[in-house]
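Shown next, in structure tokens, is the structure this report addresses.
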Amino acid sequence: MSNPAIVWFRQDLRLSNNPALAAALDKHERVIPVFVHEQADTAAWQHGAASCWWLHHSLKALSSSLRKLGSQLIIRSGSDSQSLLDELIAQTKATHVYWNRLYEPRHIERDKSIKQALRDRGLEVCSFNGNLLFEPWQISKNDGGPFRVFTPFWKACVKSGLPGHPDDAPENMPAVSSRVKSARLESLGLLPKIRWDLNFSDQWQPGETGAHQRLDTFLDHAVARYQDDRNRPDIDGTSMMSAHLHFGEISPQQIIEKTNQAIDINKQQGIVANAESFVREIGWREFAYHLLYHFPHTVDRPLYEHFEDFPWKKNYSANLRAWQQGQTGIPLVDAGMRQLWHTGWMHNRVRMIVASLLTKNLLIPWQQGTRWFWDTLVDADLASNTLGWQWTAGCGADAAPYFRIFNPVTQAQKFDPCGAYIRQWIPEIAALPDKYLSQPWAAPAALLDDHNIKLGNDYPAPIVDLKATRERALERYQTIKKS
DNA sequence: TGAAATGTTGGGGCG
DNA sequence: ACGCCCCAACATTTC
């Protein structure tokens, strides 16, 4: 029997539309699916705590799917991927290694070096595009340079034809020899020691099956109203696909294909629905990867250099903590931050609002925001997180202009008009009427008394004056205005 | 994927 | 009938 091939799973934890897996199965009689876990070291941008929770359950799902096809997920854990792969190759006499490419700077560097080392020893290494519609270098401006503005970038993508027709999962797979040993998933220590994750399982079903179920639900109910409802944190109007996409439990091709099918079915039933605004969000994800690849320094430094000199506040630890804990006294902001803590996810509009408060009203460096999101989001994604924070701070590509400062009260009245979202997460003031729910500090004292609410006691008094800090931010942003 | 200040318009109440 | 004021509703400008 010929030597086996290794399929190295990373952020492509699915069996369908997985080009590396498909290619390996096509060419080899024996295929060994492996996941390699680099034990927590001090390197920057390792998975955060919430991501680890997701990864654990996603690996569990992948492992069980592989078992159903007659295969087995081999898990190895150690200090670095290179030596773990070397060890596995020595044990299995594998001659080929297959994987789908990653695009974080540290991954590019690592994978390049592993690929070279393996090739030097005569192994064949094949890598594929399994995570993006277009790889970052496939789309460029007419002058050959990378895009910095979304709309022309996305136009260029659409023009070159969005890829379609993703293939199905294999129906069966060759068995893995029992001599190949696997670590137990539990031994990776991905689940938190302090169990803050107890609500997570109600909310999420990590894994390929969960990803498709979530997408189907969205396409059945919400996609037709997406353009309007996507801005409403009080409504299930978004797809909630971010974490599934991040871990590659579903590919963007599969999402687009299924979306187009759903729109066709709607049409047959006389429902005029437009998925363009939804597909456009997939486009933003592509744009984020495009930027990360071409401007890797943006993970912790502003894209535009003149922003390095921005006069951020110096002593902000108390305000940062209040923001993190959902104790700023500004209900919509606190609702978002508590949703994040309790579910590992926050509605996108609310992400913009809490980010605006942090960077503009509190004048806390946006990098503090990326770090907190990185650790608490189940969908933490270096490309999207970087784009999002630089967008709000105004220092990145196609960013919000410096003067665009969200007012959490106005935003609450617009996008949480009945206060359902705030009431869900800030029960201590739920009794207040809509008018004051988003700004309890403005409520008449008698009203607060009536409901037994003492600001600063039952719920914090606001840590900043929105009007005054808005004006302060405008002044500071003036100082570094692009000349 | 803003907000607030300022400007314009037009209907209705009123003397 | 007319001018005047008020003010909501909308538009424009500015940050």
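To be explicit about the labels: the chains of the structure tokens are called A, B, and onward in the order shown, and within each one the residues are counted from 1, while ligands get numbers from 1 in the order they are shown.
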**Request:** Please return, as a VMD selection string, all residues of chain A lying within 9 Å of chain C when only C-alpha atoms (C1' of nucleotides) are considered.
**Result:** chain A and resid 402 to 404 474
**Request:** Just need the residues of chain B within 8 Å of chain A, counting only C-alpha atoms (C1' of nucleotides), so spit them out as a PyMOL selection string.
**Result:** chain B and resi 1-3
**Prompt:** Which residues come within 10 Å of region 104-108 of chain A, counting only C-alpha atoms (C1' of nucleotides), excluding same-chain residues fewer than 2 positions away, as a PyMOL selection string?
**Reply:** chain A and resi 43-46+101-102+110-114+289+292-297+299+381-383
Requested write-out: C-alpha atoms of the selected residues, as a CSV table (one decimal), in the first residue's frame:
chain,number,residue,atom,x,y,z
A,43,ALA,CA,3.3,34.7,21.0
A,44,ALA,CA,0.9,37.5,20.1
A,45,TRP,CA,-2.6,36.8,18.7
A,46,GLN,CA,-2.9,33.3,19.9
A,101,ARG,CA,-3.9,28.6,3.4
A,102,LEU,CA,-4.1,31.1,6.3
A,110,ARG,CA,5.2,29.8,9.9
A,111,ASP,CA,3.6,28.0,6.9
A,112,LYS,CA,6.2,29.3,4.5
A,113,SER,CA,9.0,28.0,6.7
A,114,ILE,CA,7.3,24.6,7.2
A,289,TYR,CA,-8.2,39.9,4.5
A,292,LEU,CA,-4.4,42.4,6.5
A,293,TYR,CA,-2.2,40.8,3.9
A,294,HIS,CA,-1.0,44.0,2.2
A,295,PHE,CA,-0.7,46.0,5.4
A,296,PRO,CA,0.2,43.5,8.1
A,297,HIS,CA,1.4,46.3,10.5
A,299,VAL,CA,-2.9,44.7,13.6
A,381,ASP,CA,-10.7,37.2,13.6
A,382,LEU,CA,-7.5,39.2,13.2
A,383,ALA,CA,-8.5,40.6,9.8
**Request:** Could you please determine the separation between CA of His165 (chain A) and CA of Ile256 (chain A) in Å, to one decimal place?
**Result:**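 About the pair CA of His165 (chain A) and CA of Ile256 (chain A): they are 9.5 Å apart.
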**Message:** Taking the DSSP secondary structure from the backbone, can you list the residues of region 21-197 of chain A that are helix (DSSP H, G or I), as a PyMOL selection string?
**Reply:** chain A and resi 21-27+49-68+81-92+105-120+150-159+185-188
**Request:** For Gly394 (chain A), please output as a PyMOL selection string all residues within 10 Å (counting only C-alpha atoms (C1' of nucleotides); exclusion window: fewer than 4 positions along the same chain).
**Result:** chain A and resi 302-304+307+356+359-360+366+388-390+398-404+477
**Item:** Exercise: Gly336 (chain A) partners within 7 Å, only C-alpha atoms (C1' of nucleotides), chain neighbours under 3 positions left out, as a list in words
**Value:** Leu332, Val333, Gln339, Leu340, Met346 and Val350 of chain A
Put those residues in a file: N, CA and C atoms, as an mmCIF file, in the first residue's frame.
data_model
loop_
_atom_site.group_PDB
_atom_site.id
_atom_site.type_symbol
_atom_site.label_atom_id
_atom_site.label_comp_id
_atom_site.auth_asym_id
_atom_site.auth_seq_id
_atom_site.Cartn_x
_atom_site.Cartn_y
_atom_site.Cartn_z
ATOM 1 N N LEU A 332 -27.031 51.482 26.388
ATOM 2 C CA LEU A 332 -26.817 50.709 25.166
ATOM 3 C C LEU A 332 -25.389 50.147 25.110
ATOM 4 N N VAL A 333 -24.444 50.942 25.572
ATOM 5 C CA VAL A 333 -23.050 50.487 25.600
ATOM 6 C C VAL A 333 -22.901 49.308 26.565
ATOM 7 N N GLN A 339 -23.628 41.630 26.639
ATOM 8 C CA GLN A 339 -23.942 40.593 25.657
ATOM 9 C C GLN A 339 -22.653 39.890 25.229
ATOM 10 N N LEU A 340 -21.605 40.678 25.002
ATOM 11 C CA LEU A 340 -20.312 40.121 24.612
ATOM 12 C C LEU A 340 -19.795 39.155 25.672
ATOM 13 N N MET A 346 -21.350 40.075 19.905
ATOM 14 C CA MET A 346 -22.087 41.331 20.045
ATOM 15 C C MET A 346 -22.630 41.723 18.683
ATOM 16 N N VAL A 350 -23.944 47.474 17.491
ATOM 17 C CA VAL A 350 -23.550 47.791 18.861
ATOM 18 C C VAL A 350 -22.021 47.774 18.993
#
**Prompt:** When distances are computed from only C-alpha atoms, which of A:Arg301, A:Thr328, A:Gln91, A:Lys314 shows the smallest separation from Gly396 (chain A)?
**Reply:** A:Arg301
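Residue nearest Gln413 (chain A) within the list A:Pro233, A:Gly210, A:Gly283, A:Pro163: A:Pro233 [criterion: smallest interatomic distance, only C-alpha atoms].
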**Item:** Polymer residues at most 8 Å from Pro166 (chain A), only C-alpha atoms (C1' of nucleotides), same-chain spacing of 3 or more positions, as a PyMOL selection string
**Value:** chain A and resi 16-17+253-254+257
Could you save those same residues with C-alpha atoms as a PDB file, in the first residue's frame?
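Wrote it out as result_26.pdb, contents follow:
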ATOM      1  CA  SER A  16     -17.536  19.809   2.422  1.00  0.00           C
ATOM      2  CA  ASN A  17     -15.998  22.263  -0.028  1.00  0.00           C
ATOM      3  CA  GLN A 253     -18.685  30.119  -1.468  1.00  0.00           C
ATOM      4  CA  GLN A 254     -21.154  27.859   0.315  1.00  0.00           C
ATOM      5  CA  GLU A 257     -24.473  29.551  -3.164  1.00  0.00           C
TER       6      GLU A 257
END
**Message:** Could you list, as a VMD selection string, every residue within 6 Å of region 134-148 of chain A, counting only C-alpha atoms (C1' of nucleotides) and ignoring same-chain residues fewer than 4 positions away?
**Reply:** chain A and resid 153 290 397
Suppose we keep N, CA and C atoms; can you now write the selection as a compact mmCIF listing (two decimals), in the first residue's frame?
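Below you can see result.txt, which holds the result:
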# COMPACT_ATOMS: atom_id res chain seq x y z
N PHE A 153 -12.99 48.02 -4.40
CA PHE A 153 -12.47 46.66 -4.17
C PHE A 153 -13.54 45.62 -4.47
N HIS A 290 -7.78 41.23 2.57
CA HIS A 290 -6.98 41.96 1.58
C HIS A 290 -6.07 42.97 2.31
N ALA A 397 -8.29 52.02 6.66
CA ALA A 397 -8.76 52.11 5.28
C ALA A 397 -10.27 52.39 5.25
